[in-house]
>>> print(open('structure-v9.cif').read())   # mmCIF, C-alpha atoms and all ligand atoms
data_run
loop_
_atom_site.label_atom_id
_atom_site.label_comp_id
_atom_site.auth_asym_id
_atom_site.auth_seq_id
_atom_site.Cartn_x
_atom_site.Cartn_y
_atom_site.Cartn_z
CA MET T 1 -26.32 231.73 156.57
CA ARG T 2 -28.04 229.86 153.78
CA THR T 3 -28.20 232.04 150.70
CA GLN T 4 -30.20 229.59 148.63
CA THR T 5 -33.94 230.22 148.83
CA ALA T 6 -36.98 228.15 148.04
CA SER T 7 -40.72 228.55 147.96
CA VAL T 8 -43.62 226.15 147.87
CA GLY T 9 -46.95 226.81 146.15
CA VAL T 10 -50.25 224.93 146.06
CA ASP T 11 -52.80 225.62 143.34
CA VAL T 12 -56.20 225.06 144.89
CA ASP T 13 -58.19 224.09 141.82
CA SER T 14 -61.45 222.48 142.90
CA LEU T 15 -62.44 219.27 141.13
CA ARG T 16 -64.80 220.95 138.65
CA TYR T 17 -61.78 222.35 136.79
CA TYR T 18 -60.42 218.79 136.33
CA TYR T 19 -63.76 217.75 134.84
CA ARG T 20 -63.46 220.72 132.48
CA ILE T 21 -59.86 220.04 131.46
CA HIS T 22 -60.73 216.42 130.62
CA GLY T 23 -63.97 217.39 128.89
CA LEU T 24 -66.14 215.50 131.48
CA ASP T 25 -69.58 216.40 132.87
CA GLU T 26 -68.79 218.52 135.93
CA SER T 27 -72.12 218.03 137.72
CA ASN T 28 -70.52 215.16 139.71
CA ALA T 29 -67.68 217.37 141.00
CA THR T 30 -67.33 217.58 144.78
CA ASN T 31 -65.46 220.05 146.98
CA ALA T 32 -62.85 217.43 148.03
CA ALA T 33 -59.88 219.55 146.86
CA TRP T 34 -60.76 222.24 149.41
CA ARG T 35 -62.40 220.08 152.06
CA VAL T 36 -59.79 217.28 152.13
CA GLY T 37 -56.76 218.25 150.02
CA VAL T 38 -56.12 221.68 151.54
CA PRO T 39 -56.17 220.53 155.21
CA ARG T 40 -53.81 217.66 154.35
CA PHE T 41 -51.33 220.14 152.87
CA VAL T 42 -51.67 222.41 155.92
CA GLN T 43 -50.92 219.42 158.15
CA LEU T 44 -47.93 218.39 156.03
CA PHE T 45 -46.46 221.92 156.02
CA ALA T 46 -46.92 222.16 159.79
CA ALA T 47 -45.15 218.82 160.28
CA VAL T 48 -42.21 219.97 158.13
CA GLY T 49 -42.28 223.49 159.57
CA ILE T 50 -42.67 225.62 156.44
CA LYS T 51 -45.05 228.33 155.21
CA ALA T 52 -46.42 228.17 151.67
CA THR T 53 -48.52 230.07 149.15
CA PHE T 54 -51.99 228.80 148.24
CA TYR T 55 -53.12 230.11 144.82
CA CYS T 56 -56.89 230.21 145.02
CA ILE T 57 -59.75 230.76 142.56
CA ALA T 58 -62.20 233.39 143.81
CA GLU T 59 -65.20 231.53 142.34
CA ASP T 60 -64.45 228.63 144.73
CA LEU T 61 -65.36 230.91 147.66
CA ASP T 62 -69.00 230.34 146.63
CA LEU T 63 -68.79 226.70 147.74
CA PRO T 64 -69.92 226.21 151.38
CA GLY T 65 -67.15 226.46 153.96
CA ASN T 66 -64.41 227.60 151.58
CA ALA T 67 -64.26 231.21 152.81
CA GLU T 68 -63.66 229.86 156.34
CA ARG T 69 -61.03 227.48 154.97
CA LEU T 70 -59.33 230.43 153.24
CA ARG T 71 -59.14 232.38 156.49
CA ALA T 72 -57.79 229.30 158.29
CA LEU T 73 -54.89 229.26 155.82
CA VAL T 74 -54.05 232.86 156.70
CA GLU T 75 -54.29 232.09 160.41
CA ALA T 76 -51.86 229.19 159.94
CA GLY T 77 -49.34 231.68 158.49
CA HIS T 78 -49.71 230.86 154.81
CA GLU T 79 -49.95 233.30 151.93
CA ILE T 80 -53.00 233.52 149.65
CA GLY T 81 -52.20 234.07 145.96
CA ASN T 82 -54.56 234.93 143.11
CA HIS T 83 -55.39 232.13 140.67
CA THR T 84 -58.09 234.28 138.95
CA TRP T 85 -61.83 234.66 139.41
CA HIS T 86 -63.10 231.68 137.31
CA HIS T 87 -59.87 229.94 136.18
CA PRO T 88 -60.34 230.56 132.43
CA TYR T 89 -57.86 228.28 130.63
CA ALA T 90 -57.99 230.73 127.70
CA LEU T 91 -56.99 233.75 129.83
CA THR T 92 -54.51 234.88 127.15
CA ARG T 93 -57.22 234.79 124.46
CA ILE T 94 -60.41 236.17 126.01
CA PRO T 95 -61.46 239.83 125.42
CA ALA T 96 -59.38 242.40 127.32
CA SER T 97 -62.24 243.50 129.58
CA GLU T 98 -62.91 239.90 130.70
CA ARG T 99 -59.20 239.24 131.18
CA ARG T 100 -58.87 242.33 133.38
CA ALA T 101 -61.90 241.33 135.43
CA GLU T 102 -60.56 237.79 135.94
CA ILE T 103 -57.30 239.15 137.33
CA ALA T 104 -58.50 242.22 139.26
CA MET T 105 -61.72 240.73 140.68
CA GLY T 106 -59.93 237.51 141.59
CA ARG T 107 -57.53 239.51 143.71
CA ARG T 108 -60.21 241.77 145.21
CA LEU T 109 -62.57 238.93 146.20
CA LEU T 110 -59.80 236.78 147.65
CA GLU T 111 -58.36 239.67 149.61
CA ALA T 112 -61.78 240.57 151.05
CA ALA T 113 -62.47 236.99 152.08
CA ALA T 114 -58.96 236.31 153.41
CA GLU T 115 -58.74 239.65 155.24
CA ALA T 116 -55.07 239.63 154.21
CA PRO T 117 -53.06 241.09 151.32
CA VAL T 118 -53.01 239.13 148.05
CA VAL T 119 -50.00 240.17 145.95
CA GLY T 120 -49.00 237.10 143.91
CA PHE T 121 -50.54 235.83 140.69
CA ARG T 122 -50.52 232.45 138.97
CA ALA T 123 -52.28 232.06 135.63
CA PRO T 124 -54.48 229.01 134.88
CA GLY T 125 -52.52 226.35 132.99
CA TYR T 126 -49.34 228.48 133.37
CA ASN T 127 -50.24 230.50 130.24
CA THR T 128 -49.25 234.14 130.44
CA SER T 129 -48.64 236.97 127.97
CA ALA T 130 -47.55 240.61 127.95
CA ALA T 131 -51.21 241.69 128.21
CA VAL T 132 -51.86 239.37 131.17
CA MET T 133 -48.74 240.66 132.92
CA ALA T 134 -49.79 244.27 132.33
CA ASP T 135 -53.11 243.52 134.04
CA VAL T 136 -51.35 241.67 136.86
CA VAL T 137 -49.23 244.79 137.51
CA ALA T 138 -52.13 247.23 137.14
CA SER T 139 -54.27 245.34 139.63
CA GLY T 140 -51.64 245.69 142.35
CA HIS T 141 -49.72 242.40 142.40
CA THR T 142 -46.02 242.49 143.28
CA TYR T 143 -44.97 239.22 141.65
CA ASP T 144 -46.02 236.51 139.24
CA SER T 145 -45.42 232.74 139.29
CA SER T 146 -47.04 231.67 136.01
CA VAL T 147 -43.92 230.71 134.08
CA PHE T 148 -43.30 226.98 133.72
CA PRO T 149 -40.41 226.41 131.27
CA CYS T 150 -40.83 222.67 130.89
CA ALA T 151 -40.46 221.15 127.40
CA PRO T 152 -41.81 217.66 128.29
CA TYR T 153 -44.88 219.25 129.91
CA TYR T 154 -45.42 221.43 126.86
CA ALA T 155 -45.02 218.44 124.52
CA ALA T 156 -47.31 216.24 126.65
CA LYS T 157 -49.99 218.91 126.79
CA ALA T 158 -49.83 219.40 123.01
CA GLY T 159 -50.04 215.61 122.58
CA VAL T 160 -52.99 215.08 124.95
CA MET T 161 -54.94 217.96 123.44
CA GLY T 162 -54.39 216.58 119.92
CA TRP T 163 -55.40 213.09 121.05
CA MET T 164 -58.58 214.41 122.70
CA ARG T 165 -59.49 216.27 119.50
CA LEU T 166 -59.05 213.04 117.53
CA ARG T 167 -61.46 211.30 119.91
CA GLY T 168 -63.98 214.10 119.46
CA ARG T 169 -63.57 215.48 122.98
CA GLN T 170 -62.87 219.12 123.58
CA SER T 171 -60.38 219.96 126.33
CA ARG T 172 -60.81 223.39 127.87
CA SER T 173 -57.05 223.61 128.23
CA VAL T 174 -55.06 225.98 126.02
CA LEU T 175 -51.55 225.47 124.70
CA GLY T 176 -49.48 228.52 125.63
CA ASP T 177 -46.77 230.47 123.88
CA PRO T 178 -43.72 228.22 123.20
CA THR T 179 -41.28 231.06 124.06
CA VAL T 180 -41.93 229.97 127.69
CA LEU T 181 -39.35 227.23 127.01
CA THR T 182 -36.59 229.84 126.70
CA ALA T 183 -37.52 231.75 129.89
CA PRO T 184 -34.91 232.15 132.67
CA ARG T 185 -34.92 229.34 135.26
CA ASP T 186 -34.14 231.40 138.39
CA PRO T 187 -36.35 234.30 139.58
CA TYR T 188 -36.07 237.34 137.27
CA ARG T 189 -37.66 240.63 136.41
CA ALA T 190 -39.67 240.17 133.24
CA ALA T 191 -39.65 242.48 130.23
CA VAL T 192 -42.79 244.60 130.00
CA ASP T 193 -43.47 243.38 126.46
CA ASP T 194 -42.50 239.72 127.01
CA PRO T 195 -42.97 237.84 130.32
CA HIS T 196 -40.50 235.16 129.19
CA ARG T 197 -37.53 237.54 128.81
CA ARG T 198 -35.60 239.61 131.35
CA GLY T 199 -36.42 243.30 131.59
CA ASP T 200 -37.79 246.02 133.77
CA GLY T 201 -41.21 244.70 134.76
CA LEU T 202 -42.62 242.40 137.41
CA ASP T 203 -40.68 239.83 139.45
CA VAL T 204 -41.31 236.31 138.19
CA PHE T 205 -40.74 233.09 140.15
CA PRO T 206 -40.66 230.32 137.54
CA VAL T 207 -41.73 226.83 138.60
CA SER T 208 -38.48 224.84 138.83
CA VAL T 209 -37.56 222.36 136.12
CA VAL T 210 -34.34 220.37 136.22
CA GLY T 211 -33.13 218.18 133.35
CA GLY T 212 -36.60 218.32 131.88
CA VAL T 213 -38.21 217.17 135.16
CA PRO T 214 -40.66 219.68 136.64
CA LEU T 215 -40.63 219.97 140.43
CA ILE T 216 -44.37 219.57 140.73
CA GLY T 217 -46.58 217.22 142.73
CA THR T 218 -47.70 215.06 139.81
CA ALA T 219 -44.05 214.53 138.77
CA PHE T 220 -43.07 213.57 142.35
CA THR T 221 -45.97 211.10 142.41
CA ALA T 222 -44.86 209.58 139.10
CA LEU T 223 -41.16 209.46 140.11
CA GLY T 224 -41.72 208.00 143.59
CA LEU T 225 -39.54 208.66 146.60
CA THR T 226 -36.05 207.97 145.20
CA GLY T 227 -36.58 209.71 141.87
CA SER T 228 -38.14 212.75 143.55
CA VAL T 229 -35.23 213.12 145.97
CA LEU T 230 -32.76 212.88 143.07
CA ALA T 231 -34.65 215.53 141.09
CA LEU T 232 -34.76 217.87 144.08
CA ARG T 233 -31.05 217.39 144.83
CA ALA T 234 -30.23 218.17 141.18
CA ALA T 235 -32.29 221.37 141.42
CA LEU T 236 -30.62 222.39 144.68
CA ALA T 237 -27.21 221.85 143.07
CA THR T 238 -27.94 224.07 140.07
CA ARG T 239 -30.45 226.78 141.06
CA LYS T 240 -30.21 229.88 143.23
CA HIS T 241 -33.85 229.45 144.06
CA VAL T 242 -36.15 226.44 143.91
CA THR T 243 -39.92 226.79 143.41
CA LEU T 244 -41.98 223.66 144.14
CA GLU T 245 -45.50 223.47 142.88
CA PHE T 246 -48.34 221.28 144.12
CA HIS T 247 -52.07 221.11 143.52
CA ALA T 248 -54.58 220.56 146.33
CA VAL T 249 -55.71 217.36 144.57
CA ASP T 250 -52.18 215.94 144.91
CA LEU T 251 -53.13 214.82 148.42
CA ILE T 252 -56.48 213.25 147.63
CA GLY T 253 -57.02 209.77 146.20
CA LEU T 254 -59.60 208.04 144.08
CA ARG T 255 -60.02 205.14 146.54
CA ASP T 256 -58.90 206.90 149.75
CA ASP T 257 -61.57 209.56 149.35
CA GLY T 258 -64.23 207.72 147.32
CA LEU T 259 -64.00 210.03 144.29
CA ASP T 260 -66.00 209.65 141.08
CA PRO T 261 -64.34 206.79 139.07
CA ALA T 262 -64.50 209.04 135.96
CA LEU T 263 -61.60 210.98 137.50
CA ALA T 264 -59.32 207.98 136.82
CA VAL T 265 -58.38 209.96 133.67
CA GLN T 266 -56.14 211.92 136.08
CA PRO T 267 -53.64 209.08 136.74
CA ASP T 268 -51.99 210.45 139.92
CA LEU T 269 -55.38 210.28 141.69
CA LYS T 270 -55.02 206.48 141.58
CA THR T 271 -51.87 206.55 143.75
CA PRO T 272 -52.63 206.00 147.48
CA VAL T 273 -52.50 209.21 149.52
CA ALA T 274 -50.11 207.74 152.11
CA SER T 275 -47.52 207.02 149.45
CA LYS T 276 -47.79 210.53 147.94
CA ARG T 277 -47.60 212.10 151.37
CA ARG T 278 -44.44 210.14 152.23
CA THR T 279 -42.71 211.34 149.05
CA PHE T 280 -43.79 214.97 149.50
CA ALA T 281 -42.74 214.99 153.18
CA ARG T 282 -39.26 213.71 152.31
CA VAL T 283 -38.81 216.24 149.49
CA LEU T 284 -40.02 219.13 151.67
CA SER T 285 -37.77 218.10 154.58
CA ILE T 286 -34.70 218.08 152.35
CA LEU T 287 -35.71 221.45 150.93
CA ARG T 288 -36.14 222.89 154.45
CA ASP T 289 -32.72 221.57 155.54
CA ARG T 290 -30.87 222.87 152.49
CA ALA T 291 -32.55 226.18 151.65
CA ARG T 292 -34.33 229.08 153.33
CA VAL T 293 -37.96 228.29 152.54
CA GLU T 294 -40.04 231.49 152.41
CA ARG T 295 -43.44 232.56 151.14
CA MET T 296 -43.18 234.17 147.72
CA ASP T 297 -44.64 237.49 148.92
CA VAL T 298 -41.79 237.70 151.46
CA LEU T 299 -39.17 236.96 148.82
CA ALA T 300 -40.74 239.45 146.39
CA ALA T 301 -40.61 242.16 149.08
CA GLU T 302 -36.94 241.34 149.73
CA ARG T 303 -36.17 241.59 146.02
CA ALA T 304 -38.00 244.92 145.77
CA GLY T 305 -36.11 246.23 148.80
CA ARG T 306 -32.78 245.24 147.30
CA GLY T 307 -33.62 246.90 143.98
CA GLY T 308 -34.78 250.05 145.78
CA ARG T 309 -37.25 250.67 143.01
CA ARG T 310 -40.71 252.10 142.72
CA ARG T 311 -43.41 250.16 141.00
CA ARG T 312 -45.71 251.61 138.42
CA VAL T 313 -49.29 251.57 139.61
ZN ZN T 401 -55.17 225.96 138.16
#
>>> encode(input="structure-v9.cif", output="structure tokens", more="lines below")
Ligand SMILES: [Zn+2]
Amino acid sequence: MRTQTASVGVDVDSLRYYYRIHGLDESNATNAAWRVGVPRFVQLFAAVGIKATFYCIAEDLDLPGNAERLRALVEAGHEIGNHTWHHPYALTRIPASERRAEIAMGRRLLEAAAEAPVVGFRAPGYNTSAAVMADVVASGHTYDSSVFPCAPYYAAKAGVMGWMRLRGRQSRSVLGDPTVLTAPRDPYRAAVDDPHRRGDGLDVFPVSVVGGVPLIGTAFTALGLTGSVLALRAALATRKHVTLEFHAVDLIGLRDDGLDPALAVQPDLKTPVASKRRTFARVLSILRDRARVERMDVLAAERAGRGGRRRRV
């Protein structure tokens, strides 16, 4: 039996959040991430034969058709995770009452619309803190997947934000706590007072990073087929568990889908969809052949069963 496990997540951030992160006028944003990107991922996962977790933003349920699309994900056997109510990039810095509402209401609204349990949390921009984790636990989640210990990503984000400030543009993104770079690389139970250290708190599934390369959709797009396969094989050779991370927009394209040219600031949108799909399909097929690919809620339940522990409510 294969003892190595893997899980695949998709953050369903609708396009308005990309306008916000790049400081653009969001009135041109369409619903293409949900309307086009999500079904393409569902099709890809069906072709490969895996189930995944879609981290959704409750506010996006207000856009026409998205509640039905959410239920279709559940019917296809996928898990719905909580990606907050309004995707505040400054989740770690907003007042406690707002932070709690973002986490608890996100879960409640998604669960009501999905008609299925929502037990996993992923913070916007992968920024978490002890206070965020305490709210994630208190609102009934059983695991978190907000930790992304990737130094090049951290450095690039710091660089882009500094560059945007120099050009007089304000990114809505927030640079997180650098202790994330020292967090464990395989799934772990986080300390109650520090989500980036081991302890007695919630189960954390960090997004996989190998040799500085994050196993995320934008990195696969940049690396191309050969580089992506090498990165995945390196991760499979060194990790007990591999967490891949995509975004719904990873399977839409500027030209393929006639998006607003202003979105060219997001370089991976310029890559043709067929080429991205080919790379992702190859990576996911290798993952499926080498590891037991499970939804994160299933793996979290297995870990809880093994520990035989009771969770604080
Ligand atoms: Zn997001």
>>> residues_near_ligand(input="structure-v9.cif", ligand="ligand ZN 401 (chain T)", cutoff="8 Å", atoms="all atoms listed in the file", output="VMD selection string")
chain T and resid 11 to 13 17 57 83 87 123 to 126 247
>>> residues_around(input="structure-v9.cif", residues="Asp256 (chain T)", least_positions_apart="6", cutoff="12 Å", atoms="all atoms listed in the file", output="JSON, numbers by chain")
{"T": [32, 36, 37, 269, 270, 271, 272, 273, 274, 275, 276]}
>>> closest_residue(input="structure-v9.cif", among="T:Ile252, T:Ala281, T:Leu263, T:Ala183", to="Ile21 (chain T)", atoms="all atoms listed in the file")
T:Leu263
>>> residues_around(input="structure-v9.cif", residues="Asn66 (chain T)", least_positions_apart="6", cutoff="9 Å", atoms="all atoms listed in the file", output="number ranges by chain")
T: 31, 34-35, 60
>>> residues_near_point(input="structure-v9.cif", point="(-60.5, 236.2, 148.1)", cutoff="8 Å", atoms="all atoms listed in the file", output="MDAnalysis selection string")
chainID T and resid 56:58 61 67 70 82 106:114
>>> residues_near_point(input="structure-v9.cif", point="(-33.3, 239.5, 130.2)", cutoff="10 Å", atoms="only C-alpha atoms", output="PDB file with C-alpha atoms, keeping the file's coordinate frame")
ATOM      1  CA  ALA T 183     -37.520 231.750 129.890  1.00  0.00           C
ATOM      2  CA  PRO T 184     -34.910 232.150 132.670  1.00  0.00           C
ATOM      3  CA  TYR T 188     -36.070 237.340 137.270  1.00  0.00           C
ATOM      4  CA  ARG T 189     -37.660 240.630 136.410  1.00  0.00           C
ATOM      5  CA  ALA T 190     -39.670 240.170 133.240  1.00  0.00           C
ATOM      6  CA  ALA T 191     -39.650 242.480 130.230  1.00  0.00           C
ATOM      7  CA  ASP T 194     -42.500 239.720 127.010  1.00  0.00           C
ATOM      8  CA  PRO T 195     -42.970 237.840 130.320  1.00  0.00           C
ATOM      9  CA  HIS T 196     -40.500 235.160 129.190  1.00  0.00           C
ATOM     10  CA  ARG T 197     -37.530 237.540 128.810  1.00  0.00           C
ATOM     11  CA  ARG T 198     -35.600 239.610 131.350  1.00  0.00           C
ATOM     12  CA  GLY T 199     -36.420 243.300 131.590  1.00  0.00           C
ATOM     13  CA  ASP T 200     -37.790 246.020 133.770  1.00  0.00           C
TER      14      ASP T 200
END
>>> closest_residue(input="structure-v9.cif", among="T:Ser27, T:Thr3, T:Ser285, T:Gln43", to="Leu73 (chain T)", atoms="only C-alpha atoms")
T:Gln43
>>> residues_around(input="structure-v9.cif", residues="Phe54 (chain T)", least_positions_apart="2", cutoff="8 Å", atoms="only C-alpha atoms", output="number ranges by chain")
T: 9-12, 52, 56, 78-81
>>> residues_around(input="structure-v9.cif", residues="Arg185 (chain T)", least_positions_apart="5", cutoff="9 Å", atoms="only C-alpha atoms", output="CSV table (one decimal) with C-alpha atoms, keeping the file's coordinate frame")
chain,number,residue,atom,x,y,z
T,148,PHE,CA,-43.3,227.0,133.7
T,149,PRO,CA,-40.4,226.4,131.3
T,205,PHE,CA,-40.7,233.1,140.2
T,206,PRO,CA,-40.7,230.3,137.5
T,207,VAL,CA,-41.7,226.8,138.6
T,208,SER,CA,-38.5,224.8,138.8
T,209,VAL,CA,-37.6,222.4,136.1
T,239,ARG,CA,-30.4,226.8,141.1
T,241,HIS,CA,-33.8,229.4,144.1
>>> atom_distance(input="structure-v9.cif", atom1="CA of Glu115 (chain T)", atom2="CA of Val42 (chain T)")
18.6 Å
>>> atom_distance(input="structure-v9.cif", atom1="CA of Ala237 (chain T)", atom2="CA of Ile216 (chain T)")
17.5 Å
>>> closest_residue(input="structure-v9.cif", among="T:Pro187, T:Gly201, T:Pro95, T:Pro88", to="Arg20 (chain T)", atoms="only C-alpha atoms")
T:Pro88
>>> closest_residue(input="structure-v9.cif", among="T:Ser145, T:Ser139, T:Thr128, T:Thr279", to="Val8 (chain T)", atoms="only C-alpha atoms")
T:Ser145
>>> closest_residue(input="structure-v9.cif", among="T:Ala234, T:Ala222, T:Val242, T:Leu287", to="Asp268 (chain T)", atoms="all atoms listed in the file")
T:Ala222
>>> closest_residue(input="structure-v9.cif", among="T:Ser146, T:Phe41, T:Leu202, T:Ala29", to="Pro261 (chain T)", atoms="all atoms listed in the file")
T:Ala29
>>> atom_distance(input="structure-v9.cif", atom1="CA of Leu230 (chain T)", atom2="CA of Ile286 (chain T)")
10.8 Å
>>> decode(input="structure-v9.cif", residues="region 250-259 of chain T", atoms="all heavy atoms", output="CSV table (one decimal), in the first residue's frame")
chain,number,residue,atom,x,y,z
T,250,ASP,N,-5.8,29.8,-12.9
T,250,ASP,CA,-4.7,29.1,-13.6
T,250,ASP,C,-5.2,28.4,-14.9
T,250,ASP,O,-4.3,28.1,-15.8
T,250,ASP,CB,-4.1,28.0,-12.7
T,250,ASP,CG,-3.3,28.6,-11.5
T,250,ASP,OD1,-2.9,29.8,-11.6
T,250,ASP,OD2,-3.1,27.9,-10.5
T,251,LEU,N,-6.4,28.2,-15.0
T,251,LEU,CA,-6.9,27.5,-16.3
T,251,LEU,C,-7.8,28.5,-17.1
T,251,LEU,O,-8.7,28.1,-17.8
T,251,LEU,CB,-7.7,26.2,-16.0
T,251,LEU,CG,-6.7,25.0,-15.8
T,251,LEU,CD1,-7.6,23.7,-15.5
T,251,LEU,CD2,-5.8,24.8,-17.0
T,252,ILE,N,-7.6,29.8,-16.9
T,252,ILE,CA,-8.2,30.7,-17.9
T,252,ILE,C,-7.0,31.5,-18.6
T,252,ILE,O,-5.9,31.5,-18.1
T,252,ILE,CB,-9.2,31.7,-17.3
T,252,ILE,CG1,-8.7,32.6,-16.2
T,252,ILE,CG2,-10.4,30.9,-16.8
T,252,ILE,CD1,-9.7,33.5,-15.7
T,253,GLY,N,-7.3,32.1,-19.7
T,253,GLY,CA,-6.2,32.8,-20.5
T,253,GLY,C,-6.7,34.1,-21.0
T,253,GLY,O,-7.9,34.2,-21.4
T,254,LEU,N,-5.8,35.0,-21.1
T,254,LEU,CA,-6.1,36.4,-21.6
T,254,LEU,C,-6.7,36.3,-23.0
T,254,LEU,O,-7.8,36.9,-23.2
T,254,LEU,CB,-4.8,37.2,-21.6
T,254,LEU,CG,-4.8,38.6,-21.2
T,254,LEU,CD1,-5.5,38.9,-19.9
T,254,LEU,CD2,-3.4,39.2,-21.2
T,255,ARG,N,-6.1,35.6,-23.9
T,255,ARG,CA,-6.6,35.5,-25.3
T,255,ARG,C,-7.7,34.4,-25.4
T,255,ARG,O,-8.7,34.7,-26.0
T,255,ARG,CB,-5.5,35.2,-26.2
T,255,ARG,CG,-4.5,36.4,-26.3
T,255,ARG,CD,-3.4,36.2,-27.2
T,255,ARG,NE,-3.9,36.4,-28.6
T,255,ARG,CZ,-3.1,36.7,-29.6
T,255,ARG,NH1,-1.8,36.8,-29.4
T,255,ARG,NH2,-3.6,36.8,-30.8
T,256,ASP,N,-7.4,33.3,-24.8
T,256,ASP,CA,-8.4,32.2,-24.9
T,256,ASP,C,-9.8,32.6,-24.5
T,256,ASP,O,-10.8,32.2,-25.1
T,256,ASP,CB,-8.0,31.0,-23.9
T,256,ASP,CG,-6.8,30.3,-24.3
T,256,ASP,OD1,-5.7,30.8,-24.0
T,256,ASP,OD2,-6.9,29.3,-25.0
T,257,ASP,N,-9.9,33.4,-23.4
T,257,ASP,CA,-11.2,33.8,-22.8
T,257,ASP,C,-11.5,35.3,-23.0
T,257,ASP,O,-12.5,35.7,-22.3
T,257,ASP,CB,-11.2,33.3,-21.4
T,257,ASP,CG,-10.9,31.8,-21.3
T,257,ASP,OD1,-11.7,31.1,-21.9
T,257,ASP,OD2,-10.0,31.4,-20.6
T,258,GLY,N,-10.8,36.0,-23.8
T,258,GLY,CA,-11.1,37.4,-24.1
T,258,GLY,C,-11.1,38.3,-22.8
T,258,GLY,O,-12.0,39.1,-22.6
T,259,LEU,N,-10.1,38.1,-21.9
T,259,LEU,CA,-10.1,38.9,-20.7
T,259,LEU,C,-9.7,40.3,-20.9
T,259,LEU,O,-9.0,40.6,-22.0
T,259,LEU,CB,-9.2,38.2,-19.7
T,259,LEU,CG,-9.5,36.8,-19.3
T,259,LEU,CD1,-8.5,36.3,-18.2
T,259,LEU,CD2,-10.9,36.6,-18.7
